[in-house]
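Chemist: Before we start, here is the structure in question, set down as structure tokens.
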Amino acid sequence: MPQRMQNFISFGQNTPERRDAEDRRRDFDEIYRRFDQGAASEQASRCSQCGVPFCQIHCPLHNNIPDWLKLTAEGRLEEAYEIAAATNNMPEICGRICPQDRLCEGNCVIEKGFDSVTIGSVESYITDTAWEQGWVRPPEPETDRDQSVGIVGGGPAGLAAAEELRKRGYRVDVYDRHDRMGGLLIYGIPNFKLDKELVTRRTEMLAAGGITFHTDFEIGRDAGLNDLRARHDAMLIATGVYKGRALAVPGAGLDNIVPALDYLIASNRKGLGDTVPDYESGKLNAAGKKVVVIGGGDTAMDCVRTAVRQGAESVKCLYRRDRANMPGSAREVARAEEEGVDFVWLSAPEAFLGDGAVSAVRTVRMHLSVADATGRQTPQVIADSHQNIDADLVILALGFDPEDVPTLFGEPELGVTRWGTLKVSYRDMMTNIDGVFAAGDIVRGASLVVWAIRDGRDAAAHMHRYLLERAEAPADLAEAS
Ligand code: FAD
Ligand code: SF4
Ligand code: SF4
């Protein structure tokens, strides 16, 4: 039933029903069920339609949240979807995996004393409905242009840019070294957070709109950047960051100490029905094992929760700071605890013990001392506080750095920052090589899907302008400015 707005007094905050933790441990299905029309309408109607909507300001895509909440409350879902899709190429995906507590919902100022509007769940509901109703359509350019764009990397940044450039009429080719498009949406983020089918249907829709995908195509192996520049009028590099940080402690070279992404990729591939030798052999499979995951970010949370589902005997997460200072989303930590993960706060690995393969992690207790220049308290070792934790699989989730892109791409002139990320102009997102743009994690460092989408969209707008200038079409140029 259609609702009036400002209903936050009548209706409390409600999220879609969460599956029981014991049930969740048995499979990789998504953990939240969906809102129905009544619940979505009720929850949307809690919005007080702020004159200055802080939710929108703090959404990296500046989604027009108050408008689509109002339309949802009124039952006008097709219009709500059009507004949601106008600023976001993957609203159903962001609605599921954005850390809303740090973005839109965390900044909802509904009224003092009332819980925020559940923006992400409404966004997913609108877009899931749009897919069911056939309102989600492939990109349809008004005119086809002669110029062609090459995009390296089919993650959210590359896919968002591809869709925006195709809508503007360009021929678009996306190259990816994996056998499926989607980047970390497919191979990093586990299915219980994001059903892979949602990603696949998006890439199929883009292909139906005329975008050409080249899978199993690795720049650096199958072609150099220069080869692709000769084929295309402009290029976008959106290759993400993949080099897992290592731990320089004694015993780090023992068997069964594995990088987080190797472990998650194997699990995701298995879920997609692939044959994964390292999973079958047990190397990247937690079944029956005592698992220790080292790290406190969202990747660590994905690893611990994957290990639970694979049937680990025990799962511990070691983090050198405390719960309040954890970089991972508080919501994900709570879900992991419900599923049986044991968090060992204020604890750091000092050495790995074992004969050939790891059998224990030697840890030391930490305390938090004064804040450093970034405002975070620095962890410091407590003397004589050692403890050994049994482990027969250790997963390192300590963050990611970029690979050496200039060398890999055979383009030593390509400019990088001191962190190894690609250096782009803040004006137009172009690298120091004419016509080569960059977006997503390879520019920002490890970040979020919603920022990758934002970057992909921004890069597409800059590339459009660049290509119009090259096509010498003054009328179009005026239209793009
Ligand atoms: P990617 O998604 O990494 O895509 C890059 C693509 O480039 C890949 O497909 C790769 O195969 C391809 N590529 C790389 N090198 C080459 C080459 N030489 N030739 C051809 N192709 C190449 N963010 C959230 O917002 N919410 C979450 O819940 C969340 N969970 C995460 C969980 C994990 C385990 C990880 C690792 C990250 C998570 N993130 C999450 C972060 C998010 O996934 C990334 O910020 C986002 O995917 C970055 O998008 P991208 O397009 O820049 O790069
Ligand atoms: Fe919130 Fe993310 Fe949706 Fe923006 S894209 S409204 S931050 S869930
Ligand atoms: Fe509605 Fe909250 Fe956004 Fe205000 S901040 S417009 S109440 S969702």
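How things are named: the first chain in the structure tokens is A, the next is B, and so on; residues count from 1 in each chain; ligands count from 1 in the order shown.
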Can you list, as number ranges by chain, every residue of stretch 31-158 of chain A that DSSP puts in strand (DSSP E or B)?

Modeler: A: 32, 148-152

Chemist: Tell me, as an MDAnalysis selection string, which residues lie within 8 Å of stretch 154-171 of chain A, counting only C-alpha atoms; anything in the same chain fewer than 3 positions away does not count.

Modeler: chainID A and resid 89 139:149 151 174:176 181:185 203 206 209:211 236:240 439:440 449 452:461 464

Chemist: Would you pick out the contacts of A:Asp67 at 9 Å or less, using only C-alpha atoms, so that residues sharing its chain but fewer than 2 positions from it are not included, and give the list as a ChimeraX atom specification?

Modeler: /A:49,64-65,69-72,80,83-84

Chemist: Could you pull out the residues in stretch 108-192 of chain A that DSSP calls alpha helix (DSSP H) from the backbone, as a PyMOL selection string?

Modeler: chain A and resi 119-133+156-167+184-187

Chemist: Emit the selected residues as a compact mmCIF listing (two decimals), in the first residue's frame, including C-alpha atoms.

Modeler:
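out_11.txt, freshly written:
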# COMPACT_ATOMS: atom_id res chain seq x y z
CA ILE A 119 18.79 2.66 1.96
CA GLY A 120 20.85 -0.23 0.59
CA SER A 121 18.11 -2.83 0.99
CA VAL A 122 15.58 -0.55 -0.74
CA GLU A 123 18.05 0.07 -3.59
CA SER A 124 18.48 -3.70 -4.09
CA TYR A 125 14.73 -4.24 -3.92
CA ILE A 126 14.01 -1.63 -6.60
CA THR A 127 16.63 -3.04 -8.97
CA ASP A 128 15.86 -6.72 -8.37
CA THR A 129 12.26 -5.85 -9.25
CA ALA A 130 13.44 -4.00 -12.35
CA TRP A 131 15.27 -7.11 -13.54
CA GLU A 132 12.19 -9.28 -12.93
CA GLN A 133 9.95 -6.82 -14.76
CA PRO A 156 33.30 -2.73 -11.76
CA ALA A 157 35.43 0.23 -12.95
CA GLY A 158 35.95 -1.26 -16.43
CA LEU A 159 32.35 -2.41 -16.78
CA ALA A 160 30.85 0.91 -15.67
CA ALA A 161 33.09 2.78 -18.13
CA ALA A 162 32.23 0.29 -20.88
CA GLU A 163 28.49 0.82 -20.42
CA GLU A 164 28.78 4.61 -20.32
CA LEU A 165 30.97 4.72 -23.44
CA ARG A 166 28.73 2.33 -25.34
CA LYS A 167 25.71 4.50 -24.49
CA LEU A 184 36.56 -9.06 -7.79
CA LEU A 185 32.75 -9.13 -8.03
CA ILE A 186 33.18 -12.66 -9.41
CA TYR A 187 36.47 -13.90 -7.99

Chemist: Residues within 10 Å of stretch 317-322 of chain A, please, as a ChimeraX atom specification. Count only C-alpha atoms; anything in the same chain fewer than 2 positions from it doesn't count.

Modeler: /A:291-297,300-301,303-304,315,324-327,336,341-349,361,363-368,376-381,389,394-395,398

Chemist: Could you save those same residues with N, CA and C atoms as a CSV table (one decimal), in the first residue's frame?

Modeler:
chain,number,residue,atom,x,y,z
A,291,VAL,N,41.8,-23.2,11.2
A,291,VAL,CA,42.1,-22.1,10.3
A,291,VAL,C,42.4,-20.9,11.2
A,292,VAL,N,43.5,-20.2,10.8
A,292,VAL,CA,43.8,-18.9,11.4
A,292,VAL,C,43.9,-17.9,10.3
A,293,VAL,N,43.1,-16.8,10.3
A,293,VAL,CA,43.1,-15.8,9.3
A,293,VAL,C,43.8,-14.6,10.0
A,294,ILE,N,44.8,-14.0,9.3
A,294,ILE,CA,45.5,-12.8,9.9
A,294,ILE,C,45.0,-11.6,9.1
A,295,GLY,N,44.5,-10.6,9.8
A,295,GLY,CA,44.0,-9.3,9.2
A,295,GLY,C,42.7,-8.9,9.8
A,296,GLY,N,42.3,-7.6,9.6
A,296,GLY,CA,41.1,-7.1,10.2
A,296,GLY,C,40.2,-6.4,9.2
A,297,GLY,N,40.4,-6.6,7.9
A,297,GLY,CA,39.6,-5.9,6.9
A,297,GLY,C,38.5,-6.8,6.4
A,300,ALA,N,39.5,-10.2,5.2
A,300,ALA,CA,39.7,-11.2,6.3
A,300,ALA,C,38.3,-11.7,6.7
A,301,MET,N,37.3,-10.9,6.7
A,301,MET,CA,36.0,-11.3,7.1
A,301,MET,C,35.4,-12.3,6.0
A,303,CYS,N,37.2,-14.3,4.3
A,303,CYS,CA,38.0,-15.6,4.4
A,303,CYS,C,37.5,-16.4,5.6
A,304,VAL,N,37.3,-15.7,6.7
A,304,VAL,CA,36.8,-16.5,7.9
A,304,VAL,C,35.4,-17.1,7.6
A,315,VAL,N,37.8,-21.7,13.4
A,315,VAL,CA,38.2,-20.5,12.6
A,315,VAL,C,38.5,-19.4,13.6
A,324,ALA,N,37.0,-1.9,18.0
A,324,ALA,CA,36.7,-0.5,17.7
A,324,ALA,C,37.6,0.0,16.6
A,325,ASN,N,38.8,-0.5,16.5
A,325,ASN,CA,39.7,0.1,15.5
A,325,ASN,C,39.9,-0.8,14.3
A,326,MET,N,39.0,-1.7,14.1
A,326,MET,CA,39.1,-2.6,13.0
A,326,MET,C,38.7,-1.9,11.7
A,327,PRO,N,39.4,-2.1,10.6
A,327,PRO,CA,39.0,-1.5,9.3
A,327,PRO,C,37.8,-2.1,8.7
A,336,ALA,N,30.1,-12.6,11.2
A,336,ALA,CA,31.1,-13.7,11.3
A,336,ALA,C,31.0,-14.3,12.7
A,341,VAL,N,32.9,-17.6,14.3
A,341,VAL,CA,34.3,-17.2,14.2
A,341,VAL,C,34.7,-16.6,15.5
A,342,ASP,N,35.9,-17.0,15.9
A,342,ASP,CA,36.5,-16.6,17.2
A,342,ASP,C,37.5,-15.4,16.9
A,343,PHE,N,37.3,-14.2,17.4
A,343,PHE,CA,38.2,-13.1,17.1
A,343,PHE,C,39.2,-13.0,18.3
A,344,VAL,N,40.5,-13.0,17.9
A,344,VAL,CA,41.6,-12.8,18.9
A,344,VAL,C,42.1,-11.4,18.7
A,345,TRP,N,41.5,-10.5,19.4
A,345,TRP,CA,41.8,-9.0,19.3
A,345,TRP,C,43.2,-8.8,19.9
A,346,LEU,N,43.8,-7.7,19.5
A,346,LEU,CA,45.1,-7.2,20.1
A,346,LEU,C,46.1,-8.3,20.1
A,347,SER,N,46.3,-8.9,19.0
A,347,SER,CA,47.2,-10.1,18.9
A,347,SER,C,47.9,-10.1,17.6
A,348,ALA,N,49.2,-10.2,17.5
A,348,ALA,CA,49.9,-10.2,16.3
A,348,ALA,C,50.8,-11.4,16.1
A,349,PRO,N,50.9,-11.9,14.9
A,349,PRO,CA,51.8,-13.1,14.7
A,349,PRO,C,53.3,-12.7,14.8
A,361,VAL,N,50.6,-20.8,15.1
A,361,VAL,CA,51.1,-19.4,14.9
A,361,VAL,C,51.5,-19.0,16.3
A,363,THR,N,52.0,-16.1,18.7
A,363,THR,CA,51.5,-14.7,18.7
A,363,THR,C,52.0,-13.9,19.9
A,364,VAL,N,51.8,-12.6,19.8
A,364,VAL,CA,52.2,-11.8,21.0
A,364,VAL,C,51.1,-10.8,21.2
A,365,ARG,N,50.8,-10.5,22.4
A,365,ARG,CA,49.7,-9.6,22.8
A,365,ARG,C,50.1,-8.1,22.5
A,366,MET,N,49.2,-7.3,22.1
A,366,MET,CA,49.5,-5.9,21.8
A,366,MET,C,48.6,-5.0,22.8
A,367,HIS,N,49.1,-3.8,22.9
A,367,HIS,CA,48.2,-2.8,23.5
A,367,HIS,C,48.2,-1.5,22.6
A,368,LEU,N,47.2,-0.7,22.7
A,368,LEU,CA,47.1,0.4,21.8
A,368,LEU,C,47.6,1.7,22.6
A,376,ARG,N,45.1,7.1,14.2
A,376,ARG,CA,44.8,5.8,14.7
A,376,ARG,C,45.8,5.5,15.8
A,377,GLN,N,45.4,4.8,16.8
A,377,GLN,CA,46.3,4.4,17.9
A,377,GLN,C,47.3,3.3,17.4
A,378,THR,N,48.5,3.5,17.8
A,378,THR,CA,49.5,2.6,17.3
A,378,THR,C,49.6,1.3,18.2
A,379,PRO,N,49.6,0.1,17.6
A,379,PRO,CA,49.7,-1.1,18.4
A,379,PRO,C,51.1,-1.3,18.9
A,380,GLN,N,51.3,-1.7,20.2
A,380,GLN,CA,52.6,-1.9,20.7
A,380,GLN,C,52.7,-3.3,21.4
A,381,VAL,N,53.8,-3.9,21.3
A,381,VAL,CA,54.0,-5.3,21.8
A,381,VAL,C,54.0,-5.3,23.4
A,389,ILE,N,49.0,-20.6,18.9
A,389,ILE,CA,47.6,-21.0,18.5
A,389,ILE,C,47.8,-22.1,17.4
A,394,VAL,N,46.8,-21.3,7.4
A,394,VAL,CA,46.9,-19.8,7.7
A,394,VAL,C,46.6,-19.0,6.5
A,395,ILE,N,45.7,-18.1,6.6
A,395,ILE,CA,45.3,-17.2,5.5
A,395,ILE,C,45.8,-15.8,5.8
A,398,LEU,N,46.2,-9.2,4.5
A,398,LEU,CA,46.9,-8.0,5.1
A,398,LEU,C,46.8,-6.9,4.1
